Each structure stands twice: as structure tokens, then as C-alpha cells.
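This is target_2.txt. It holds compact mmCIF, C-alpha atoms.
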```
# COMPACT_ATOMS: atom_id res chain seq x y z
CA MET C 1196 -10.24 -13.70 25.12
CA SER C 1197 -12.30 -12.36 28.01
CA ASP C 1198 -13.01 -9.25 25.99
CA HIS C 1199 -15.87 -10.60 23.89
CA ASP C 1200 -17.52 -7.38 22.83
CA ASN C 1201 -19.69 -8.17 19.76
CA LYS C 1202 -17.81 -11.45 19.34
CA VAL C 1203 -14.76 -9.42 18.36
CA HIS C 1204 -11.32 -10.70 19.23
CA HIS C 1205 -9.11 -7.84 20.33
CA ILE C 1206 -5.40 -8.15 19.77
CA SER C 1207 -3.15 -6.47 22.33
CA TYR C 1208 -0.59 -3.75 21.58
CA GLY C 1209 2.14 -6.17 22.63
CA THR C 1210 1.20 -8.80 20.05
CA TYR C 1211 1.25 -6.21 17.27
CA ILE C 1212 4.64 -4.91 18.33
CA LEU C 1213 6.00 -8.46 18.54
CA VAL C 1214 4.81 -9.14 14.98
CA TRP C 1215 6.39 -5.87 13.82
CA VAL C 1216 9.73 -6.89 15.38
CA ALA C 1217 9.48 -10.26 13.62
CA LEU C 1218 8.75 -8.50 10.30
CA LEU C 1219 11.81 -6.26 10.73
CA ALA C 1220 13.93 -9.30 11.63
CA PHE C 1221 12.80 -11.12 8.48
CA THR C 1222 13.56 -7.99 6.43
CA SER C 1223 17.11 -7.87 7.74
CA ILE C 1224 17.51 -11.61 7.06
CA THR C 1225 16.32 -11.26 3.47
CA VAL C 1226 18.65 -8.28 2.83
CA THR C 1227 21.61 -10.14 4.38
CA VAL C 1228 20.94 -13.34 2.43
CA ALA C 1229 20.69 -11.37 -0.82
CA GLY C 1230 24.06 -9.76 0.02
CA ILE C 1231 25.78 -13.12 0.53
CA GLY C 1232 24.71 -14.27 -2.92
CA LEU C 1233 23.63 -17.90 -2.76
CA GLY C 1234 23.13 -18.01 -6.49
CA ARG C 1235 20.00 -19.82 -7.56
CA TYR C 1236 18.75 -20.16 -3.98
CA THR C 1237 18.61 -16.39 -3.48
CA LEU C 1238 15.25 -16.02 -5.25
CA PHE C 1239 13.80 -19.03 -3.46
CA ILE C 1240 14.83 -17.74 -0.03
CA ALA C 1241 13.65 -14.20 -0.84
CA LEU C 1242 10.21 -15.50 -1.86
CA LEU C 1243 10.03 -17.84 1.14
CA ILE C 1244 10.74 -14.95 3.52
CA ALA C 1245 8.23 -12.73 1.68
CA ALA C 1246 5.66 -15.51 2.12
CA ILE C 1247 6.40 -15.78 5.85
CA LYS C 1248 6.10 -12.00 6.24
CA SER C 1249 2.80 -12.04 4.33
CA THR C 1250 1.45 -14.78 6.60
CA LEU C 1251 2.25 -12.64 9.63
CA VAL C 1252 0.65 -9.52 8.16
CA ILE C 1253 -2.46 -11.36 6.93
CA ASN C 1254 -3.02 -13.37 10.11
CA ILE C 1255 -2.31 -10.78 12.76
CA PHE C 1256 -2.42 -7.26 11.25
CA MET C 1257 -5.36 -8.14 8.99
CA HIS C 1258 -7.03 -10.27 11.70
CA ILE C 1259 -7.69 -13.20 9.36
CA LYS C 1260 -6.71 -15.65 12.08
CA PHE C 1261 -9.52 -14.38 14.30
CA ASP C 1262 -12.12 -13.54 11.67
CA GLU C 1263 -15.01 -15.60 10.41
CA PRO C 1264 -14.17 -18.54 8.10
CA ILE C 1265 -15.72 -16.82 5.06
CA PHE C 1266 -12.76 -14.39 4.93
CA LYS C 1267 -10.34 -17.30 4.85
CA VAL C 1268 -12.37 -18.66 1.92
CA PHE C 1269 -12.04 -15.31 0.11
CA LEU C 1270 -8.31 -15.31 0.67
CA ALA C 1271 -7.87 -18.94 -0.39
CA LEU C 1272 -9.95 -18.27 -3.49
CA SER C 1273 -7.81 -15.32 -4.58
CA GLY C 1274 -4.63 -17.27 -3.81
CA VAL C 1275 -5.75 -20.34 -5.75
CA THR C 1276 -6.90 -18.16 -8.68
CA LEU C 1277 -3.45 -16.55 -8.85
CA LEU C 1278 -1.77 -19.95 -8.56
CA ILE C 1279 -3.82 -21.35 -11.44
CA ILE C 1280 -3.05 -18.32 -13.63
CA PHE C 1281 0.68 -18.63 -12.85
CA ALA C 1282 0.69 -22.40 -13.39
CA LEU C 1283 -1.15 -22.20 -16.72
CA THR C 1284 1.06 -19.36 -17.98
CA PHE C 1285 4.29 -21.13 -17.07
CA PHE C 1286 2.98 -24.36 -18.55
CA ASP C 1287 2.89 -22.40 -21.81
CA VAL C 1288 6.18 -20.52 -21.35
CA LEU C 1289 8.24 -23.52 -20.25
CA PHE C 1290 7.06 -25.96 -22.91
CA ARG C 1291 6.73 -23.61 -25.83
CA MET D 1113 -36.08 -13.06 13.46
CA SER D 1114 -38.16 -9.87 13.74
CA ASN D 1115 -37.69 -9.91 17.48
CA HIS D 1116 -33.94 -9.97 17.01
CA GLN D 1117 -34.13 -7.05 14.59
CA GLU D 1118 -36.19 -5.03 17.00
CA THR D 1119 -33.67 -5.46 19.78
CA ALA D 1120 -30.92 -4.61 17.35
CA ALA D 1121 -32.79 -1.47 16.32
CA ALA D 1122 -33.27 -0.55 19.95
CA THR D 1123 -29.58 -0.76 20.77
CA HIS D 1124 -28.32 0.87 17.59
CA GLN D 1125 -29.73 4.07 16.19
CA THR D 1126 -29.03 3.03 12.62
CA HIS D 1127 -28.70 -0.41 11.13
CA ARG D 1128 -25.14 -1.50 10.75
CA ASP D 1129 -23.55 -4.54 9.17
CA ASP D 1130 -19.87 -4.52 10.03
CA VAL D 1131 -19.26 -8.04 8.75
CA GLY D 1132 -20.92 -7.14 5.45
CA ALA D 1133 -18.77 -4.03 5.16
CA LYS D 1134 -15.65 -6.04 5.82
CA MET D 1135 -16.75 -8.64 3.28
CA GLY D 1136 -17.07 -5.92 0.67
CA MET D 1137 -13.59 -4.69 1.54
CA TRP D 1138 -12.11 -8.17 1.18
CA LEU D 1139 -13.80 -8.58 -2.20
CA PHE D 1140 -12.21 -5.30 -3.28
CA LEU D 1141 -8.84 -6.49 -1.99
CA PHE D 1142 -9.37 -9.64 -4.06
CA THR D 1143 -9.53 -7.48 -7.20
CA GLU D 1144 -6.41 -5.63 -6.08
CA VAL D 1145 -4.58 -8.94 -5.64
CA LEU D 1146 -5.54 -9.90 -9.19
CA LEU D 1147 -4.48 -6.48 -10.53
CA PHE D 1148 -1.00 -6.73 -9.02
CA GLY D 1149 -0.98 -10.50 -9.57
CA GLY D 1150 -1.19 -9.90 -13.31
CA LEU D 1151 1.82 -7.59 -13.13
CA PHE D 1152 3.76 -10.09 -11.01
CA LEU D 1153 2.95 -12.70 -13.67
CA VAL D 1154 4.42 -10.51 -16.41
CA TYR D 1155 7.45 -9.95 -14.18
CA ALA D 1156 7.88 -13.70 -13.56
CA VAL D 1157 7.72 -14.61 -17.24
CA TYR D 1158 10.18 -11.93 -18.36
CA ARG D 1159 12.54 -12.53 -15.47
CA TYR D 1160 12.59 -16.19 -16.51
CA GLN D 1161 13.34 -15.23 -20.12
CA TYR D 1162 15.90 -12.48 -19.37
CA GLN D 1163 17.57 -13.61 -16.13
CA GLN D 1164 20.97 -12.01 -16.85
CA GLN D 1165 19.51 -8.72 -18.07
CA PHE D 1166 17.26 -8.46 -15.01
CA HIS D 1167 20.28 -8.98 -12.75
CA ILE D 1168 22.31 -6.31 -14.52
CA ALA D 1169 19.45 -3.80 -14.54
CA ALA D 1170 18.59 -4.45 -10.87
CA MET D 1171 22.18 -3.63 -9.84
CA GLU D 1172 21.35 0.01 -10.62
CA LEU D 1173 18.60 0.12 -8.01
CA ASN D 1174 19.42 1.48 -4.58
CA THR D 1175 19.02 -1.38 -2.09
CA GLY D 1176 19.50 1.00 0.84
CA ILE D 1177 16.55 3.21 -0.08
CA GLY D 1178 14.47 0.10 -0.80
CA THR D 1179 15.27 -1.35 2.62
CA LEU D 1180 14.51 1.96 4.30
CA ASN D 1181 11.13 2.14 2.57
CA THR D 1182 10.40 -1.44 3.61
CA ILE D 1183 11.05 -0.56 7.25
CA ILE D 1184 8.93 2.60 6.92
CA LEU D 1185 6.00 0.73 5.39
CA LEU D 1186 6.14 -2.14 7.89
CA THR D 1187 6.15 0.39 10.73
CA SER D 1188 3.21 2.27 9.20
CA SER D 1189 1.31 -1.02 9.07
CA LEU D 1190 2.02 -1.44 12.78
CA THR D 1191 0.76 2.05 13.64
CA VAL D 1192 -2.50 1.46 11.73
CA ALA D 1193 -3.03 -1.85 13.52
CA LEU D 1194 -2.27 -0.16 16.87
CA SER D 1195 -4.69 2.70 16.13
CA ILE D 1196 -7.50 0.14 15.73
CA ALA D 1197 -6.48 -1.50 19.02
CA ALA D 1198 -6.50 1.97 20.63
CA ILE D 1199 -10.00 2.87 19.40
CA GLN D 1200 -11.26 -0.55 20.58
CA LYS D 1201 -10.04 0.41 24.04
CA GLY D 1202 -11.78 3.79 23.66
CA ASN D 1203 -8.52 5.72 23.52
CA LYS D 1204 -9.50 8.31 20.92
CA PHE D 1205 -6.44 10.51 21.34
CA LEU D 1206 -3.91 7.68 21.00
CA SER D 1207 -5.78 6.34 17.97
CA MET D 1208 -5.54 9.74 16.26
CA ILE D 1209 -1.83 10.09 17.09
CA LEU D 1210 -1.19 6.66 15.58
CA ILE D 1211 -3.10 7.49 12.37
CA LEU D 1212 -1.14 10.73 12.14
CA THR D 1213 2.09 8.76 12.58
CA THR D 1214 0.99 6.45 9.76
CA LEU D 1215 0.39 9.46 7.51
CA ILE D 1216 3.84 10.87 8.31
CA LEU D 1217 5.46 7.49 7.57
CA ALA D 1218 3.52 7.23 4.30
CA ALA D 1219 4.73 10.71 3.35
CA MET D 1220 8.30 9.67 4.17
CA PHE D 1221 7.86 6.65 1.90
CA MET D 1222 6.71 8.88 -0.95
CA VAL D 1223 9.55 11.38 -0.40
CA ASN D 1224 12.07 8.53 -0.63
CA LYS D 1225 10.30 7.32 -3.77
CA PHE D 1226 10.52 10.83 -5.20
CA PHE D 1227 14.29 11.01 -4.63
CA GLU D 1228 14.77 7.48 -5.94
CA TRP D 1229 12.87 8.20 -9.15
CA SER D 1230 14.51 11.62 -9.54
CA THR D 1231 17.93 9.97 -9.45
CA LYS D 1232 16.83 7.49 -12.11
CA PHE D 1233 15.42 10.32 -14.24
CA SER D 1234 18.61 12.35 -13.91
CA HIS D 1235 20.55 9.32 -15.16
CA GLY D 1236 18.27 9.35 -18.19
CA ILE D 1237 16.33 6.28 -17.10
CA TYR D 1238 12.60 6.84 -17.45
CA PRO D 1239 9.93 5.24 -19.63
CA GLY D 1240 10.60 6.08 -23.26
CA SER D 1241 14.00 7.72 -22.71
CA LYS D 1242 16.69 7.42 -25.39
CA GLU D 1243 19.19 6.05 -22.90
CA LEU D 1244 16.80 3.29 -21.85
CA ALA D 1245 15.83 2.50 -25.43
CA ALA D 1246 19.52 1.88 -26.23
CA LYS D 1247 19.70 -0.87 -23.59
CA PRO D 1248 19.01 -4.56 -24.32
CA ASN D 1249 15.39 -5.73 -24.30
CA GLY D 1250 15.59 -7.46 -20.91
CA GLN D 1251 16.72 -4.25 -19.20
CA ILE D 1252 14.02 -2.18 -20.91
CA LEU D 1253 11.45 -4.69 -19.65
CA PHE D 1254 12.92 -4.61 -16.15
CA TYR D 1255 12.70 -0.83 -15.94
CA GLY D 1256 9.27 -0.81 -17.55
CA LEU D 1257 8.00 -3.19 -14.89
CA TYR D 1258 9.87 -1.30 -12.18
CA PHE D 1259 8.22 2.01 -13.06
CA VAL D 1260 4.75 0.54 -13.60
CA MET D 1261 4.70 -1.67 -10.51
CA THR D 1262 6.33 0.68 -7.99
CA GLY D 1263 4.38 3.54 -9.61
CA LEU D 1264 1.05 1.77 -9.20
CA HIS D 1265 2.05 0.83 -5.68
CA GLY D 1266 2.99 4.47 -4.95
CA LEU D 1267 -0.43 5.52 -6.27
CA HIS D 1268 -1.98 3.12 -3.78
CA VAL D 1269 0.07 4.71 -1.00
CA LEU D 1270 -1.27 8.14 -2.01
CA VAL D 1271 -4.85 6.84 -2.07
CA GLY D 1272 -4.26 5.23 1.31
CA MET D 1273 -3.07 8.57 2.67
CA VAL D 1274 -6.28 10.26 1.49
CA VAL D 1275 -8.41 7.48 3.02
CA LEU D 1276 -6.52 7.62 6.33
CA THR D 1277 -6.87 11.41 6.44
CA PHE D 1278 -10.65 10.92 6.26
CA MET D 1279 -10.40 8.36 9.08
CA LEU D 1280 -8.50 10.88 11.19
CA VAL D 1281 -11.32 13.40 10.72
CA PHE D 1282 -13.94 10.69 11.41
CA ILE D 1283 -12.27 9.77 14.71
CA LYS D 1284 -12.06 13.44 15.66
CA ARG D 1285 -15.77 13.95 14.93
CA ASP D 1286 -16.74 10.75 16.78
CA ILE D 1287 -18.03 9.11 13.62
CA ILE D 1288 -15.55 6.35 14.37
CA THR D 1289 -15.90 5.34 18.02
CA LYS D 1290 -15.16 2.52 20.43
CA ASP D 1291 -18.34 0.74 19.30
CA SER D 1292 -18.24 1.58 15.61
CA TYR D 1293 -14.88 1.33 13.95
CA ALA D 1294 -15.59 -0.73 10.81
CA LYS D 1295 -14.46 2.17 8.59
CA LEU D 1296 -11.11 2.34 10.32
CA GLU D 1297 -10.74 -1.44 10.19
CA ASN D 1298 -11.43 -1.53 6.45
CA SER D 1299 -9.00 1.35 5.80
CA GLY D 1300 -6.48 -0.64 7.83
CA LEU D 1301 -7.07 -3.70 5.63
CA TYR D 1302 -6.37 -1.58 2.56
CA TRP D 1303 -3.19 -0.20 4.10
CA HIS D 1304 -1.96 -3.68 5.05
CA LEU D 1305 -2.56 -4.82 1.46
CA VAL D 1306 -0.38 -1.97 0.22
CA ASP D 1307 2.25 -3.19 2.69
CA LEU D 1308 1.82 -6.79 1.50
CA ILE D 1309 2.42 -5.83 -2.12
CA TRP D 1310 5.58 -4.02 -1.12
CA ILE D 1311 6.77 -7.11 0.79
CA PHE D 1312 6.94 -8.84 -2.61
CA LEU D 1313 8.05 -5.85 -4.71
CA PHE D 1314 11.05 -5.22 -2.48
CA PRO D 1315 12.94 -8.53 -2.90
CA LEU D 1316 11.91 -8.88 -6.56
CA PHE D 1317 13.27 -5.50 -7.63
CA TYR D 1318 15.86 -4.44 -5.08
CA LEU D 1319 17.39 -7.71 -3.94
CA ILE D 1320 18.41 -9.36 -7.21
CA GLN D 1321 22.16 -9.88 -6.96
```
Please lay out the structure from this file as C-alpha cells.
Amino acid sequence: MSDHDNKVHHISYGTYILVWVALLAFTSITVTVAGIGLGRYTLFIALLIAAIKSTLVINIFMHIKFDEPIFKVFLALSGVTLLIIFALTFFDVLFR
Amino acid sequence: MSNHQETAAATHQTHRDDVGAKMGMWLFLFTEVLLFGGLFLVYAVYRYQYQQQFHIAAMELNTGIGTLNTIILLTSSLTVALSIAAIQKGNKFLSMILILTTLILAAMFMVNKFFEWSTKFSHGIYPGSKELAAKPNGQILFYGLYFVMTGLHGLHVLVGMVVLTFMLVFIKRDIITKDSYAKLENSGLYWHLVDLIWIFLFPLFYLIQ
């Protein structure tokens, strides 16, 4: 945090590599779980792991965690928009 | 206000708005999320309607090559992130090496994609093929989505490669430097988005058992 050049937060090489290792670990978990075949839970676990991996990529690789709040608003807005579209569509599909 | 601008003009030769540039990039990424989001929506609805058919069709996909491409893309995301960290430290050479590594990894991804699609084509599975048309509706939909979504994603990888090649030249010519790396950062954001999309494509297409 001492490196406050233009109010920019610099992430160290080590942090990035740690995140990469975590991403690879989650990949191997998701492949293994899919191989076991937990039936209906397989999709849920696969999506949960994809969500965790996305959080890591967005927060660290894409710097969202250290950026100005407006970028978090952008992200939340696109996420909520997608959620609404999905919810409305499935409201139609499920109760047709 | 004018005083602030004068000092800014004195320190920088040209006016720069890095936050504004990044904001524009995020708005663009927003549209990309909606573009792929729409396709994921179509996927979700049809997977819900044709669960069995999707499972059967997905068995044909090569999980090994999908996993390999996941590892390649995650690693390429790391090298882009590291190249930004390197340029922030003023290490021009390392930054260029890392961008070059990213380009090589991206090329490896596309080569794998080429072999994967070639195998499908040789088995007579491609959009509009007779063999595919003879399959049940759910499987036709699965392969339609597979080709469109991984195809559009592959197109994004190619575009990313072109963008990153420009960044490599920009670093070499000192257009991107320790104090001005917004271009590289925004290219990195684009590349991470391509990685993000793959994080979801991979389990949805290759890991249905």
C-alpha cells in the first residue's frame, strides 16, 4: 500500500500467481466432481465453482477490488440486468 | 479548478483521463456480458427443456481438450496481469516477454480449438450437416449452441490476440510506459473477460455427465 503512485493500488506478482494457483485448483475440483457424477448436484457445483473463479478473476486480475466504486456499480448493474432477464424468461418457461 | 488543470498540464504533455478510458472499457465489457448473456439464456432454456439430449450430445465432446484449454486460458490471464504489474514497476522487457507469452498461449488455445472442431467436422458434425440434422432436436440445439458460443468466444480470442500484438508494439515504442499504461490495462480487462466467459462455457459444455 506504500506504493501510492497516482492513487493506484499495485498488486504484487506473488498475489497474481497465488490467484492463478487457486484458479487451477478450482478447475481440477470442477473436473473431478463432474467425473464422480453427483447427479442433479453436478450442475449446481459446476456453476458454484465457476462463480468462485469469476469472483477471483474480477476482483484480483481485473482489479475491481481496488478500483473506484463506480466500476463496482457498472458490474452490479450488468449482473442485475442479466439476473432480471434470466428470471423473467424462466418465469415464462417454467409456468407456461 | 483552473489551477489544478494548469499543474496537470505542466506535468503531462498531453491531457489524459485514465479513469475515463477505463470507464469506457467497462461499458464495452457490459455490452459483451449482455451479448454472451443472451446466448447463455438460450442455452439455459433449451438445456432445461432437453436435459437428456444435452447430456447425450455433450458426451461426444472431449473433456481433456476442454480442460487443457481452460488451463491455457487461465495461465494467459495470469501473464497479462503480470505484464501490467511489470510495466508498473518499469520493467519493460519483462512486460513484453509476458505479453508475448500470452500471445503464444492464445495461439495454443486456437490450435486446440482447430483440432477439436476438425474432429467434429470429420465425424460429420457441423452446422447444417446431414448427420446432425438426423439427430433429435435437443442434440441439434446443443451442437448449434456449442458452435455459436465457442465460435464467438474463439473470435474474441483472435481479436484479443490482435489487440495484444498492438500493445506489444506500443510497449516496444514506449507509447505504453511506467507512467502511462491505461491501454495495456484496458486490453487486459478485455482478455480477462474472454477468460471469464470461458470459465462458464467450459463446465456448461464439456462437463455435463
Any idea what the distance is between CA of Trp1303 in chain D and CA of Ser1189 in chain D? 6.8 Å
Do you have, as a tab-separated table, the list of residues of chain D lying at most 6 Å from chain C, each with its nearest atom pair and that distance in Å to one decimal, counting only C-alpha atoms and ordered by chain then number?
```
residue	atom	partner	partner_atom	distance
D:Phe1142	CA	C:Ser1273	CA	5.9
D:Ala1193	CA	C:Phe1256	CA	5.9
D:Leu1301	CA	C:Met1257	CA	5.8
D:Ile1311	CA	C:Ala1245	CA	5.9
D:Phe1312	CA	C:Ala1245	CA	5.9
D:Leu1319	CA	C:Ala1229	CA	5.8
```
Generate the output file for the selected residues, C-alpha atoms, as a short mmCIF file (atom, residue, chain, number, x, y, z; two decimals), in the coordinates of the input.
```
data_model
loop_
_atom_site.label_atom_id
_atom_site.label_comp_id
_atom_site.auth_asym_id
_atom_site.auth_seq_id
_atom_site.Cartn_x
_atom_site.Cartn_y
_atom_site.Cartn_z
CA PHE D 1142 -9.37 -9.64 -4.06
CA ALA D 1193 -3.03 -1.85 13.52
CA LEU D 1301 -7.07 -3.70 5.63
CA ILE D 1311 6.77 -7.11 0.79
CA PHE D 1312 6.94 -8.84 -2.61
CA LEU D 1319 17.39 -7.71 -3.94
#
```
Tell me which protein, DNA and RNA residues are within 12 Å of Ile1237 in chain D, counting only C-alpha atoms, leaving out same-chain ones fewer than 5 positions away, and put them as a ChimeraX atom specification. /D:1169,1172-1173,1228-1232,1242-1247,1251-1252,1254-1256,1258-1259
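Counting only C-alpha atoms, the residue from C:Leu1283, C:Tyr1236, C:Ile1247, C:Val1275 that sits nearest to Ala1220 in chain C is C:Ile1247.
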State, in Å with one decimal place, the distance from CA of Phe1290 in chain C to CA of Phe1152 in chain D. 20.1 Å
Hey, can I get the axis-aligned box for range 1202-1217 of chain C? All listed atoms, 8 Å padding on each side, centre and edge lengths in Å to one decimal, as JSON.
```
{"center_x": -4.0, "center_y": -7.6, "center_z": 18.1, "size_x": 43.5, "size_y": 23.7, "size_z": 25.0}
```
